[in-house]
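Presented below is the structure to which this report refers.
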Amino acid sequence: MQFNPTVIARCAAAALIALQVSISQAGPLDQPMSDAQFAACVQGLAGQTAGAGRPIKADDFTRIASQARYDDRVRQALLVQRGEPTFWWDDIAATTDDERVAQGREVLVREADALQRIEARWGVPKEVVVAIYGIETNYGPSSGRIPVLDAALSLACLRPCTTGNCASRERAYAAVRLLRDGKVRGDNYQGSWAAAFGRTQFVPDTFEQIAVDFDGDGVADIVGSERDAFASTANHLQKRGGWIAGAPAYVEVRIPQEQQREYAAATGKVKGRDRKVSEWAAQGWQAVGAGGEAVPLQATGDPMATPFLPVGLPGPAFLVTRNFDTIWRYNNSDRYVMEVAVLANRLAGGPGIVTAWPTDDPGLSRAQVRELQAWLLQRGHTLVTPDGVAGRNTRDAIEAERTRKGLPPGRRAGQRTMRLLMQP
Ligand SMILES: [Ca+2]
């Protein structure tokens with residue numbers, strides 16, 4: 001069983017790369033861990049410090065880790081992946097809506113000077129850095145409220161190092177080292193269930209290796225300092241993925257009619273088809289202009305590019321470069337990458353995705369979801385929270401209202417369904 005990429009993007013943010021062990025191998029997820037089990041596990045981890053990727057003394061580990069508490073939200077989050085299917089057009093509509101574009105532009109103006117210097121130093125466009133900030137925490141200090149130490153140790157105990165994948169253990173050791181070394185402040189060391197924290201959601205091991213100081217106070221602080229968070233993100237993209245300066249992450253394309261059959265069954269990234277952008281152009285591939293018109297296909301530096309068809313044809317088609325993979329290394333989900341890249345495109349004045357998704361019921365902006373939720377509340381669905389996120393309670397209410405209106409059974413609402421539901 002694989003992680004649902006959307007759930008990862010929503011809940012865990014950066015660097016879940018290490019957690020791709022299947023649930024069935026993990027074992028103890030069926031019920032909460034007892035305090036005694038957790039204490040025994042922490043003791044066990046202290047006994048394994050000799051095998052740590054980066055040094056940590058057993059005594060240091062025990063002194064700090066003994067303050068951690070098991071947090072069952074971590075286990076529950078690991079189980080959330082068994083949730084409902086979600087759609088590209090809903091996710092992209094909500095994560096790259098006008099509101100997030102407007103707020104991102106404010107950040108670009110407010111921090112223009114620092115972002116310019118970061119772009120010059122790391123070669124990563126300021127719009128990409130700000131888009132990651134917008135997708136990860138909606139341009140805020142942090143979205144998570146679980147103590148990082150608790151999350152990291154709970155995760156390490158729920159995902160023991162028995163399958164050869166010791167990433168969770170390494171994360172726990174890093175979480176402890178950051179406290180030991182005074183690199184984080186205990187009072188704001190909080191984050192997601194996966195122990196991602198700060199404005200751009202680094203996990204402790206990533207923070208340890210990648211975070212940098214950029215506001216000049218000598219301390220890398222991705223919680224308190226936007227500039228440190230921006231620079232750390234740029235450093236991640238440059239160092240971990242090798243960002244190609246000047247190259248786009250994607251180009252939206254039109255595949256020549258006579259080649260479309262070749263791609264009829266393809267979904268996602270089409271492996272083994274890497275060619276320079278100019279070679280694709282020579283084969284008749286064209287780019288899609290802002291109004292849907294075909295324009296000449298080209299990209300600065302003529303990078304290698306691979307076809308990417310998120311939902312297959314018909315539907316939007318792209319050529320993606322190494323910069324796509326580089327964002328993927330930040331959070332390994334194709335959908336996350338496109339959320340970031342499309343938001344960045346819009347922040348830079350681009351049109352976002354132009355080609356229509358293959359649906360007659362396109363996705364809603366968060367403002368529209370809030371409007372729908374307010375209406376659902378009026379209809380007596382009191383569990384609905386008008387927060388712009390269509391979670392389980394909202395979906396329950398949509399399902400009930402669809403039935404009442406005689407619409408086909410379903411738990412989502414796009415533009416069309418929303419109109420049908422709300423019309424008197
Ligand atoms: Ca700093």
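We name chains A, B, ... following the order of the structure tokens; residues begin at 1 in each chain, and ligands are numbered from 1 as shown.
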
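The binding environment of ligand 1, defined as every protein, DNA or RNA residue with an atom no more than 8 Å away and counting only C-alpha atoms and all ligand atoms, comprises Val212, Asp213, Phe214, Asp215, Gly216, Asp217, Gly218, Val219, Ala220, Asp221, Ile222, Ser225, Arg227 and Asp228 of chain A.
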
Just-selected residues, C-alpha atoms written as a PDB file, in the first residue's frame:
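part-v1.pdb, freshly written:
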```pdb
ATOM      1  CA  VAL A 212      20.960  28.386   6.708  1.00  0.00           C
ATOM      2  CA  ASP A 213      21.004  31.802   8.310  1.00  0.00           C
ATOM      3  CA  PHE A 214      20.195  34.597   5.912  1.00  0.00           C
ATOM      4  CA  ASP A 215      18.946  37.473   8.046  1.00  0.00           C
ATOM      5  CA  GLY A 216      22.418  37.784   9.520  1.00  0.00           C
ATOM      6  CA  ASP A 217      21.849  37.021  13.201  1.00  0.00           C
ATOM      7  CA  GLY A 218      24.034  33.929  13.014  1.00  0.00           C
ATOM      8  CA  VAL A 219      21.174  31.510  13.718  1.00  0.00           C
ATOM      9  CA  ALA A 220      19.284  29.453  11.134  1.00  0.00           C
ATOM     10  CA  ASP A 221      15.686  29.911  12.229  1.00  0.00           C
ATOM     11  CA  ILE A 222      13.006  28.729   9.793  1.00  0.00           C
ATOM     12  CA  SER A 225      12.615  34.241  10.224  1.00  0.00           C
ATOM     13  CA  ARG A 227      14.402  35.113   5.206  1.00  0.00           C
ATOM     14  CA  ASP A 228      16.086  32.140   6.827  1.00  0.00           C
TER      15      ASP A 228
END
```

Give the alpha helix (DSSP H) residues of stretch 249-392 of chain A, as assigned by DSSP on the backbone, as a compact mmCIF listing (two decimals) with all heavy atoms, in the first residue's frame.
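Now in part.txt:
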```txt
# COMPACT_ATOMS: atom_id res chain seq x y z
N VAL A 277 14.56 19.93 -25.06
CA VAL A 277 13.34 20.65 -25.46
C VAL A 277 13.35 20.91 -26.97
O VAL A 277 12.34 20.75 -27.66
CB VAL A 277 13.20 21.96 -24.66
CG1 VAL A 277 12.13 22.86 -25.26
CG2 VAL A 277 12.87 21.65 -23.19
N SER A 278 14.53 21.28 -27.49
CA SER A 278 14.62 21.58 -28.92
C SER A 278 14.32 20.33 -29.77
O SER A 278 13.78 20.43 -30.87
CB SER A 278 16.01 22.11 -29.27
OG SER A 278 17.00 21.16 -28.91
N GLU A 279 14.65 19.14 -29.25
CA GLU A 279 14.35 17.91 -29.99
C GLU A 279 12.85 17.64 -30.00
O GLU A 279 12.30 17.17 -31.00
CB GLU A 279 15.11 16.73 -29.38
CG GLU A 279 16.63 16.84 -29.55
CD GLU A 279 17.36 15.73 -28.79
OE1 GLU A 279 17.06 14.55 -29.02
OE2 GLU A 279 18.23 16.06 -27.96
N TRP A 280 12.19 17.89 -28.89
CA TRP A 280 10.73 17.77 -28.88
C TRP A 280 10.12 18.74 -29.89
O TRP A 280 9.19 18.39 -30.63
CB TRP A 280 10.17 18.05 -27.48
CG TRP A 280 10.50 16.99 -26.46
CD1 TRP A 280 11.34 17.11 -25.40
CD2 TRP A 280 10.00 15.64 -26.42
NE1 TRP A 280 11.39 15.93 -24.70
CE2 TRP A 280 10.58 15.02 -25.29
CE3 TRP A 280 9.11 14.91 -27.21
CZ2 TRP A 280 10.30 13.69 -24.94
CZ3 TRP A 280 8.84 13.58 -26.87
CH2 TRP A 280 9.44 12.99 -25.76
N ALA A 281 10.65 19.96 -29.89
CA ALA A 281 10.14 20.96 -30.84
C ALA A 281 10.33 20.49 -32.28
O ALA A 281 9.45 20.63 -33.13
CB ALA A 281 10.83 22.30 -30.60
N ALA A 282 11.49 19.87 -32.53
CA ALA A 282 11.78 19.39 -33.88
C ALA A 282 10.81 18.28 -34.29
O ALA A 282 10.56 18.07 -35.47
CB ALA A 282 13.23 18.89 -33.94
N ARG A 322 14.58 18.66 -14.98
CA ARG A 322 15.14 18.24 -13.70
C ARG A 322 14.62 19.11 -12.55
O ARG A 322 14.59 18.67 -11.40
CB ARG A 322 16.68 18.32 -13.75
CG ARG A 322 17.33 17.63 -12.56
CD ARG A 322 18.83 17.54 -12.72
NE ARG A 322 19.49 18.79 -12.38
CZ ARG A 322 20.73 19.09 -12.75
NH1 ARG A 322 21.42 18.25 -13.49
NH2 ARG A 322 21.28 20.24 -12.40
N ASN A 323 14.22 20.31 -12.83
CA ASN A 323 13.70 21.16 -11.76
C ASN A 323 12.39 20.62 -11.18
O ASN A 323 12.08 20.82 -10.01
CB ASN A 323 13.53 22.60 -12.25
CG ASN A 323 14.88 23.27 -12.46
OD1 ASN A 323 15.90 22.76 -11.99
ND2 ASN A 323 14.89 24.40 -13.16
N PHE A 324 11.64 19.90 -12.01
CA PHE A 324 10.45 19.20 -11.51
C PHE A 324 10.89 18.16 -10.48
O PHE A 324 10.33 18.07 -9.38
CB PHE A 324 9.74 18.54 -12.71
CG PHE A 324 8.51 17.74 -12.37
CD1 PHE A 324 7.24 18.28 -12.52
CD2 PHE A 324 8.61 16.41 -11.93
CE1 PHE A 324 6.10 17.53 -12.23
CE2 PHE A 324 7.48 15.66 -11.64
CZ PHE A 324 6.22 16.23 -11.80
N ASP A 325 11.90 17.37 -10.83
CA ASP A 325 12.40 16.33 -9.90
C ASP A 325 12.98 16.96 -8.64
O ASP A 325 12.93 16.36 -7.56
CB ASP A 325 13.49 15.49 -10.58
CG ASP A 325 12.98 14.86 -11.88
OD1 ASP A 325 11.76 14.60 -11.97
OD2 ASP A 325 13.79 14.66 -12.80
N THR A 326 13.54 18.13 -8.80
CA THR A 326 14.16 18.80 -7.65
C THR A 326 13.09 19.23 -6.64
O THR A 326 13.28 19.09 -5.43
CB THR A 326 14.97 20.01 -8.15
OG1 THR A 326 16.05 19.51 -8.92
CG2 THR A 326 15.51 20.83 -7.01
N ILE A 327 11.97 19.73 -7.13
CA ILE A 327 10.86 20.06 -6.22
C ILE A 327 10.31 18.76 -5.62
O ILE A 327 9.94 18.70 -4.44
CB ILE A 327 9.75 20.84 -6.94
CG1 ILE A 327 10.31 22.15 -7.52
CG2 ILE A 327 8.59 21.15 -5.99
CD1 ILE A 327 9.33 22.89 -8.43
N TRP A 328 10.30 17.70 -6.42
CA TRP A 328 9.82 16.40 -5.93
C TRP A 328 10.65 15.92 -4.75
O TRP A 328 10.15 15.30 -3.82
CB TRP A 328 9.89 15.40 -7.09
CG TRP A 328 9.12 14.13 -6.88
CD1 TRP A 328 7.83 13.88 -7.20
CD2 TRP A 328 9.64 12.91 -6.29
NE1 TRP A 328 7.50 12.59 -6.86
CE2 TRP A 328 8.59 11.98 -6.30
CE3 TRP A 328 10.88 12.54 -5.77
CZ2 TRP A 328 8.73 10.68 -5.80
CZ3 TRP A 328 11.02 11.24 -5.27
CH2 TRP A 328 9.95 10.33 -5.30
N ARG A 329 11.93 16.23 -4.76
CA ARG A 329 12.78 15.81 -3.64
C ARG A 329 12.44 16.58 -2.37
O ARG A 329 12.79 16.15 -1.27
CB ARG A 329 14.26 16.01 -3.99
CG ARG A 329 14.69 15.13 -5.15
CD ARG A 329 16.16 14.89 -5.15
NE ARG A 329 16.59 14.20 -3.92
CZ ARG A 329 17.82 13.79 -3.71
NH1 ARG A 329 18.75 13.99 -4.60
NH2 ARG A 329 18.14 13.19 -2.58
N TYR A 330 11.82 17.71 -2.52
CA TYR A 330 11.37 18.47 -1.34
C TYR A 330 10.20 17.76 -0.69
O TYR A 330 10.05 17.75 0.52
CB TYR A 330 10.94 19.87 -1.80
CG TYR A 330 10.98 20.92 -0.71
CD1 TYR A 330 12.11 21.69 -0.53
CD2 TYR A 330 9.90 21.13 0.13
CE1 TYR A 330 12.17 22.64 0.46
CE2 TYR A 330 9.94 22.08 1.13
CZ TYR A 330 11.08 22.84 1.29
OH TYR A 330 11.14 23.78 2.27
N ASP A 334 4.05 13.93 -7.15
CA ASP A 334 3.90 14.67 -8.41
C ASP A 334 2.91 15.82 -8.24
O ASP A 334 3.08 16.90 -8.82
CB ASP A 334 3.41 13.75 -9.53
CG ASP A 334 4.50 12.80 -10.01
OD1 ASP A 334 5.66 12.97 -9.62
OD2 ASP A 334 4.16 11.87 -10.78
N ARG A 335 1.87 15.55 -7.49
CA ARG A 335 0.83 16.58 -7.37
C ARG A 335 1.35 17.77 -6.58
O ARG A 335 1.06 18.92 -6.89
CB ARG A 335 -0.42 15.98 -6.72
CG ARG A 335 -1.67 16.59 -7.29
CD ARG A 335 -2.92 16.10 -6.62
NE ARG A 335 -3.30 14.75 -7.00
CZ ARG A 335 -4.47 14.21 -6.68
NH1 ARG A 335 -5.34 14.91 -5.97
NH2 ARG A 335 -4.76 12.98 -7.03
N TYR A 336 2.14 17.47 -5.54
CA TYR A 336 2.76 18.55 -4.79
C TYR A 336 3.64 19.41 -5.70
O TYR A 336 3.61 20.64 -5.66
CB TYR A 336 3.59 17.97 -3.64
CG TYR A 336 4.43 18.99 -2.92
CD1 TYR A 336 3.88 19.76 -1.89
CD2 TYR A 336 5.75 19.23 -3.28
CE1 TYR A 336 4.64 20.72 -1.25
CE2 TYR A 336 6.52 20.18 -2.64
CZ TYR A 336 5.96 20.93 -1.63
OH TYR A 336 6.70 21.88 -0.99
N VAL A 337 4.42 18.74 -6.53
CA VAL A 337 5.32 19.47 -7.43
C VAL A 337 4.51 20.41 -8.33
O VAL A 337 4.87 21.58 -8.51
CB VAL A 337 6.15 18.51 -8.30
CG1 VAL A 337 6.99 19.30 -9.30
CG2 VAL A 337 7.03 17.62 -7.45
N MET A 338 3.41 19.90 -8.88
CA MET A 338 2.64 20.74 -9.78
C MET A 338 1.95 21.88 -9.03
O MET A 338 1.80 22.99 -9.54
CB MET A 338 1.63 19.91 -10.57
CG MET A 338 2.26 19.10 -11.70
SD MET A 338 3.31 20.07 -12.84
CE MET A 338 2.07 20.93 -13.83
N GLU A 339 1.51 21.62 -7.81
CA GLU A 339 0.94 22.71 -7.01
C GLU A 339 1.96 23.84 -6.87
O GLU A 339 1.65 25.01 -7.09
CB GLU A 339 0.54 22.20 -5.61
CG GLU A 339 -0.66 21.26 -5.62
CD GLU A 339 -0.91 20.61 -4.26
OE1 GLU A 339 -0.16 20.88 -3.30
OE2 GLU A 339 -1.85 19.82 -4.17
N VAL A 340 3.17 23.48 -6.51
CA VAL A 340 4.23 24.48 -6.34
C VAL A 340 4.55 25.16 -7.67
O VAL A 340 4.62 26.39 -7.76
CB VAL A 340 5.50 23.83 -5.74
CG1 VAL A 340 6.70 24.77 -5.85
CG2 VAL A 340 5.27 23.42 -4.29
N ALA A 341 4.74 24.34 -8.70
CA ALA A 341 5.20 24.89 -9.98
C ALA A 341 4.12 25.77 -10.63
O ALA A 341 4.43 26.80 -11.24
CB ALA A 341 5.62 23.76 -10.91
N VAL A 342 2.88 25.38 -10.50
CA VAL A 342 1.79 26.17 -11.09
C VAL A 342 1.60 27.47 -10.30
O VAL A 342 1.42 28.54 -10.88
CB VAL A 342 0.47 25.35 -11.14
CG1 VAL A 342 -0.71 26.23 -11.52
CG2 VAL A 342 0.62 24.19 -12.13
N LEU A 343 1.68 27.37 -8.98
CA LEU A 343 1.59 28.60 -8.18
C LEU A 343 2.75 29.53 -8.52
O LEU A 343 2.54 30.75 -8.70
CB LEU A 343 1.58 28.26 -6.68
CG LEU A 343 1.51 29.44 -5.72
CD1 LEU A 343 0.27 30.30 -5.97
CD2 LEU A 343 1.53 28.96 -4.26
N ALA A 344 3.94 28.98 -8.66
CA ALA A 344 5.10 29.80 -9.03
C ALA A 344 4.90 30.45 -10.39
O ALA A 344 5.20 31.63 -10.59
CB ALA A 344 6.37 28.94 -9.04
N ASN A 345 4.36 29.69 -11.31
CA ASN A 345 4.07 30.21 -12.65
C ASN A 345 3.10 31.40 -12.55
O ASN A 345 3.31 32.45 -13.17
CB ASN A 345 3.49 29.08 -13.52
CG ASN A 345 3.03 29.56 -14.89
OD1 ASN A 345 1.93 30.11 -15.02
ND2 ASN A 345 3.87 29.38 -15.90
N ARG A 346 2.06 31.25 -11.77
CA ARG A 346 1.10 32.34 -11.61
C ARG A 346 1.72 33.53 -10.89
O ARG A 346 1.44 34.69 -11.23
CB ARG A 346 -0.14 31.85 -10.86
CG ARG A 346 -0.99 30.85 -11.67
CD ARG A 346 -2.43 30.82 -11.17
NE ARG A 346 -3.09 32.12 -11.30
CZ ARG A 346 -4.21 32.45 -10.69
NH1 ARG A 346 -4.80 31.61 -9.86
NH2 ARG A 346 -4.75 33.64 -10.86
N LEU A 347 2.56 33.26 -9.90
CA LEU A 347 3.20 34.37 -9.18
C LEU A 347 4.10 35.17 -10.12
O LEU A 347 4.30 36.37 -9.94
CB LEU A 347 4.03 33.83 -8.00
CG LEU A 347 3.24 33.29 -6.80
CD1 LEU A 347 4.18 32.66 -5.78
CD2 LEU A 347 2.42 34.41 -6.16
N ARG A 366 -10.64 28.06 -2.75
CA ARG A 366 -10.97 27.97 -1.32
C ARG A 366 -12.10 28.93 -0.95
O ARG A 366 -12.92 28.63 -0.09
CB ARG A 366 -9.73 28.25 -0.47
CG ARG A 366 -8.74 27.09 -0.49
CD ARG A 366 -7.45 27.49 0.17
NE ARG A 366 -6.84 28.60 -0.56
CZ ARG A 366 -5.94 29.43 -0.06
NH1 ARG A 366 -5.52 29.26 1.17
NH2 ARG A 366 -5.45 30.40 -0.78
N ALA A 367 -12.17 30.08 -1.63
CA ALA A 367 -13.27 31.02 -1.36
C ALA A 367 -14.60 30.37 -1.71
O ALA A 367 -15.60 30.52 -0.98
CB ALA A 367 -13.05 32.30 -2.15
N GLN A 368 -14.62 29.64 -2.82
CA GLN A 368 -15.86 28.96 -3.20
C GLN A 368 -16.21 27.82 -2.23
O GLN A 368 -17.37 27.62 -1.91
CB GLN A 368 -15.73 28.42 -4.63
CG GLN A 368 -15.74 29.53 -5.67
CD GLN A 368 -15.43 28.99 -7.06
OE1 GLN A 368 -14.49 28.21 -7.24
NE2 GLN A 368 -16.20 29.42 -8.04
N VAL A 369 -15.18 27.11 -1.79
CA VAL A 369 -15.44 26.04 -0.82
C VAL A 369 -16.02 26.64 0.46
O VAL A 369 -16.98 26.11 1.03
CB VAL A 369 -14.14 25.24 -0.51
CG1 VAL A 369 -14.37 24.27 0.65
CG2 VAL A 369 -13.67 24.49 -1.75
N ARG A 370 -15.48 27.80 0.88
CA ARG A 370 -16.02 28.44 2.08
C ARG A 370 -17.48 28.84 1.87
O ARG A 370 -18.31 28.69 2.77
CB ARG A 370 -15.19 29.69 2.44
CG ARG A 370 -13.86 29.35 3.10
CD ARG A 370 -13.25 30.60 3.78
NE ARG A 370 -12.93 31.65 2.84
CZ ARG A 370 -11.74 31.75 2.21
NH1 ARG A 370 -10.79 30.87 2.45
NH2 ARG A 370 -11.52 32.72 1.36
N GLU A 371 -17.78 29.33 0.67
CA GLU A 371 -19.17 29.73 0.36
C GLU A 371 -20.09 28.51 0.42
O GLU A 371 -21.18 28.55 1.00
CB GLU A 371 -19.20 30.36 -1.04
CG GLU A 371 -20.51 30.99 -1.41
CD GLU A 371 -20.55 31.40 -2.89
OE1 GLU A 371 -19.48 31.53 -3.51
OE2 GLU A 371 -21.68 31.53 -3.42
N LEU A 372 -19.62 27.43 -0.17
CA LEU A 372 -20.40 26.19 -0.15
C LEU A 372 -20.57 25.69 1.29
O LEU A 372 -21.66 25.27 1.69
CB LEU A 372 -19.69 25.12 -1.00
CG LEU A 372 -20.30 23.72 -1.02
CD1 LEU A 372 -21.71 23.75 -1.63
CD2 LEU A 372 -19.41 22.75 -1.80
N GLN A 373 -19.51 25.78 2.07
CA GLN A 373 -19.58 25.32 3.45
C GLN A 373 -20.56 26.16 4.28
O GLN A 373 -21.30 25.63 5.11
CB GLN A 373 -18.18 25.35 4.09
CG GLN A 373 -17.27 24.23 3.57
CD GLN A 373 -15.83 24.40 3.99
OE1 GLN A 373 -15.33 25.54 4.08
NE2 GLN A 373 -15.14 23.30 4.25
N ALA A 374 -20.55 27.48 4.02
CA ALA A 374 -21.49 28.35 4.74
C ALA A 374 -22.92 27.94 4.41
O ALA A 374 -23.80 27.89 5.29
CB ALA A 374 -21.24 29.81 4.37
N TRP A 375 -23.14 27.61 3.14
CA TRP A 375 -24.47 27.17 2.72
C TRP A 375 -24.84 25.83 3.37
O TRP A 375 -25.95 25.63 3.84
CB TRP A 375 -24.52 27.07 1.19
CG TRP A 375 -25.81 26.58 0.65
CD1 TRP A 375 -26.96 27.30 0.45
CD2 TRP A 375 -26.11 25.23 0.23
NE1 TRP A 375 -27.95 26.50 -0.06
CE2 TRP A 375 -27.45 25.22 -0.20
CE3 TRP A 375 -25.38 24.05 0.19
CZ2 TRP A 375 -28.07 24.05 -0.67
CZ3 TRP A 375 -25.99 22.90 -0.28
CH2 TRP A 375 -27.32 22.91 -0.71
N LEU A 376 -23.87 24.92 3.42
CA LEU A 376 -24.12 23.62 4.05
C LEU A 376 -24.46 23.80 5.53
O LEU A 376 -25.35 23.11 6.06
CB LEU A 376 -22.89 22.71 3.90
CG LEU A 376 -22.60 22.20 2.48
CD1 LEU A 376 -21.20 21.59 2.40
CD2 LEU A 376 -23.66 21.18 2.03
N LEU A 377 -23.78 24.75 6.16
CA LEU A 377 -24.09 25.04 7.57
C LEU A 377 -25.54 25.51 7.71
O LEU A 377 -26.27 25.07 8.59
CB LEU A 377 -23.13 26.11 8.10
CG LEU A 377 -21.87 25.62 8.80
CD1 LEU A 377 -20.91 26.78 9.04
CD2 LEU A 377 -22.19 24.93 10.12
N GLN A 378 -25.91 26.44 6.81
CA GLN A 378 -27.30 26.93 6.81
C GLN A 378 -28.29 25.80 6.63
O GLN A 378 -29.41 25.86 7.14
CB GLN A 378 -27.50 27.91 5.65
CG GLN A 378 -27.17 29.34 5.98
CD GLN A 378 -27.40 30.23 4.76
OE1 GLN A 378 -28.02 29.81 3.77
NE2 GLN A 378 -26.89 31.44 4.83
N ARG A 392 -13.65 15.65 5.66
CA ARG A 392 -14.63 14.57 5.74
C ARG A 392 -16.03 15.09 6.06
O ARG A 392 -17.01 14.67 5.45
CB ARG A 392 -14.19 13.55 6.79
CG ARG A 392 -14.94 12.24 6.68
CD ARG A 392 -14.44 11.23 7.70
NE ARG A 392 -14.63 11.75 9.05
CZ ARG A 392 -13.97 11.31 10.12
NH1 ARG A 392 -13.06 10.38 9.99
NH2 ARG A 392 -14.19 11.83 11.32
```

Of the candidates A:Ala265, A:Val130, A:Ala390, A:Ala172, which shows the shortest atom-to-atom distance to A:Val148, using only C-alpha atoms?
A:Ala172

One-decimal distance in Å that lies between atom CA of A:Leu421 and atom CA of A:Val384:
15.9 Å

DSSP on the backbone: what in stretch 250-319 of chain A comes out strand (DSSP E or B), as a ChimeraX atom specification?
/A:250-254,268-269,275-276,286-288,294-295,304-309,317-319

Leaving out stretch 308-310 of chain A and any residue of its chain fewer than 4 positions from it, which residues lie within 8 Å of it when counting only C-alpha atoms, given as number ranges by chain?
A: 88, 266-270, 315-320

Which residue, A:Thr300, A:Pro32, A:Lys271, A:Asn331, has the smallest gap to A:Phe202 when you use only C-alpha atoms?
A:Asn331

Quick one: everything within 10 Å of stretch 39-43 of chain A, counting only C-alpha atoms, minus sequence neighbours fewer than 5 positions away in the same chain. Send it as a list of chain:residue names.
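Once the adjacent positions are removed, what remains is A:Met33, A:Ser34, A:Gln48, A:Ala58, A:Phe61, A:Thr62, A:Ala65, A:Ser66, A:Ala68, A:Arg69, A:Tyr70, A:Leu153, A:Ser154, A:Ala156, A:Cys157, A:Leu158, A:Pro160, A:Ala172.
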
Filtering to N, CA, C and O atoms, could you give me those residues as a JSON list (two decimals), in the first residue's frame?
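Below you can see out.json, which holds the result:
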```json
[["chain", "number", "residue", "atom", "x", "y", "z"],
["A", 33, "MET", "N", 0.03, 3.10, 21.02],
["A", 33, "MET", "CA", 1.10, 2.54, 21.84],
["A", 33, "MET", "C", 0.85, 2.90, 23.31],
["A", 33, "MET", "O", 0.42, 4.01, 23.61],
["A", 34, "SER", "N", 1.14, 1.97, 24.20],
["A", 34, "SER", "CA", 1.01, 2.30, 25.63],
["A", 34, "SER", "C", 2.25, 3.08, 26.05],
["A", 34, "SER", "O", 3.29, 3.05, 25.38],
["A", 48, "GLN", "N", 20.69, 1.93, 20.32],
["A", 48, "GLN", "CA", 21.10, 1.81, 18.90],
["A", 48, "GLN", "C", 21.90, 3.01, 18.40],
["A", 48, "GLN", "O", 22.17, 3.12, 17.20],
["A", 58, "ALA", "N", 24.53, 7.94, 23.60],
["A", 58, "ALA", "CA", 23.35, 7.33, 24.23],
["A", 58, "ALA", "C", 22.86, 8.17, 25.41],
["A", 58, "ALA", "O", 21.66, 8.38, 25.59],
["A", 61, "PHE", "N", 21.07, 11.25, 24.23],
["A", 61, "PHE", "CA", 19.78, 10.86, 23.68],
["A", 61, "PHE", "C", 18.78, 10.60, 24.80],
["A", 61, "PHE", "O", 17.67, 11.13, 24.80],
["A", 62, "THR", "N", 19.19, 9.81, 25.76],
["A", 62, "THR", "CA", 18.28, 9.43, 26.85],
["A", 62, "THR", "C", 17.83, 10.66, 27.64],
["A", 62, "THR", "O", 16.65, 10.82, 27.95],
["A", 65, "ALA", "N", 15.44, 12.57, 25.14],
["A", 65, "ALA", "CA", 14.31, 11.78, 24.63],
["A", 65, "ALA", "C", 13.38, 11.32, 25.75],
["A", 65, "ALA", "O", 12.20, 11.07, 25.51],
["A", 66, "SER", "N", 13.91, 11.24, 26.97],
["A", 66, "SER", "CA", 13.05, 10.79, 28.06],
["A", 66, "SER", "C", 11.96, 11.82, 28.37],
["A", 66, "SER", "O", 10.99, 11.51, 29.05],
["A", 68, "ALA", "N", 10.16, 13.10, 26.00],
["A", 68, "ALA", "CA", 9.17, 13.01, 24.92],
["A", 68, "ALA", "C", 7.96, 12.19, 25.37],
["A", 68, "ALA", "O", 8.07, 11.31, 26.22],
["A", 69, "ARG", "N", 6.83, 12.51, 24.77],
["A", 69, "ARG", "CA", 5.61, 11.74, 25.04],
["A", 69, "ARG", "C", 5.11, 11.16, 23.73],
["A", 69, "ARG", "O", 5.20, 11.79, 22.68],
["A", 70, "TYR", "N", 4.56, 9.98, 23.83],
["A", 70, "TYR", "CA", 3.95, 9.37, 22.65],
["A", 70, "TYR", "C", 2.76, 10.21, 22.22],
["A", 70, "TYR", "O", 1.95, 10.63, 23.05],
["A", 153, "LEU", "N", 9.88, 10.96, 17.78],
["A", 153, "LEU", "CA", 10.07, 9.71, 18.52],
["A", 153, "LEU", "C", 8.89, 8.77, 18.35],
["A", 153, "LEU", "O", 9.06, 7.55, 18.24],
["A", 154, "SER", "N", 7.69, 9.33, 18.29],
["A", 154, "SER", "CA", 6.52, 8.47, 18.06],
["A", 154, "SER", "C", 6.65, 7.79, 16.70],
["A", 154, "SER", "O", 6.38, 6.59, 16.56],
["A", 156, "ALA", "N", 9.39, 7.17, 15.05],
["A", 156, "ALA", "CA", 10.46, 6.17, 15.07],
["A", 156, "ALA", "C", 10.00, 4.88, 15.74],
["A", 156, "ALA", "O", 10.45, 3.79, 15.37],
["A", 157, "CYS", "N", 9.09, 5.02, 16.70],
["A", 157, "CYS", "CA", 8.60, 3.82, 17.39],
["A", 157, "CYS", "C", 7.51, 3.11, 16.57],
["A", 157, "CYS", "O", 7.40, 1.89, 16.60],
["A", 158, "LEU", "N", 6.72, 3.89, 15.86],
["A", 158, "LEU", "CA", 5.67, 3.28, 15.02],
["A", 158, "LEU", "C", 6.27, 2.69, 13.74],
["A", 158, "LEU", "O", 5.68, 1.83, 13.11],
["A", 160, "PRO", "N", 9.53, 1.14, 13.22],
["A", 160, "PRO", "CA", 10.83, 0.69, 13.72],
["A", 160, "PRO", "C", 11.78, 0.35, 12.57],
["A", 160, "PRO", "O", 11.35, 0.10, 11.45],
["A", 172, "ALA", "N", 14.57, 10.89, 14.38],
["A", 172, "ALA", "CA", 14.45, 11.04, 15.84],
["A", 172, "ALA", "C", 15.78, 11.48, 16.44],
["A", 172, "ALA", "O", 15.82, 12.36, 17.31]]
```

Find the residues near A:Arg411: any atom within 7 Å, counting only C-alpha atoms, skip ones fewer than 6 places away on the same chain, and give them as a PDB file with C-alpha atoms, in the first residue's frame.
```
ATOM      1  CA  ARG A 395     -17.905  15.652   2.093  1.00  0.00           C
ATOM      2  CA  ASP A 396     -20.505  13.947   4.284  1.00  0.00           C
ATOM      3  CA  ILE A 398     -22.141  17.216   0.147  1.00  0.00           C
ATOM      4  CA  GLU A 399     -23.085  13.556  -0.168  1.00  0.00           C
TER       5      GLU A 399
END
```

Which one is closest to A:Val354: A:Asp90, A:Glu293, A:Asp97, A:Asp181? Count only C-alpha atoms.
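Distance minimum relative to A:Val354 lands on A:Glu293.
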
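The coordinates place atom CA of A:Leu297 at 7.8 Å from atom CA of A:Val253.
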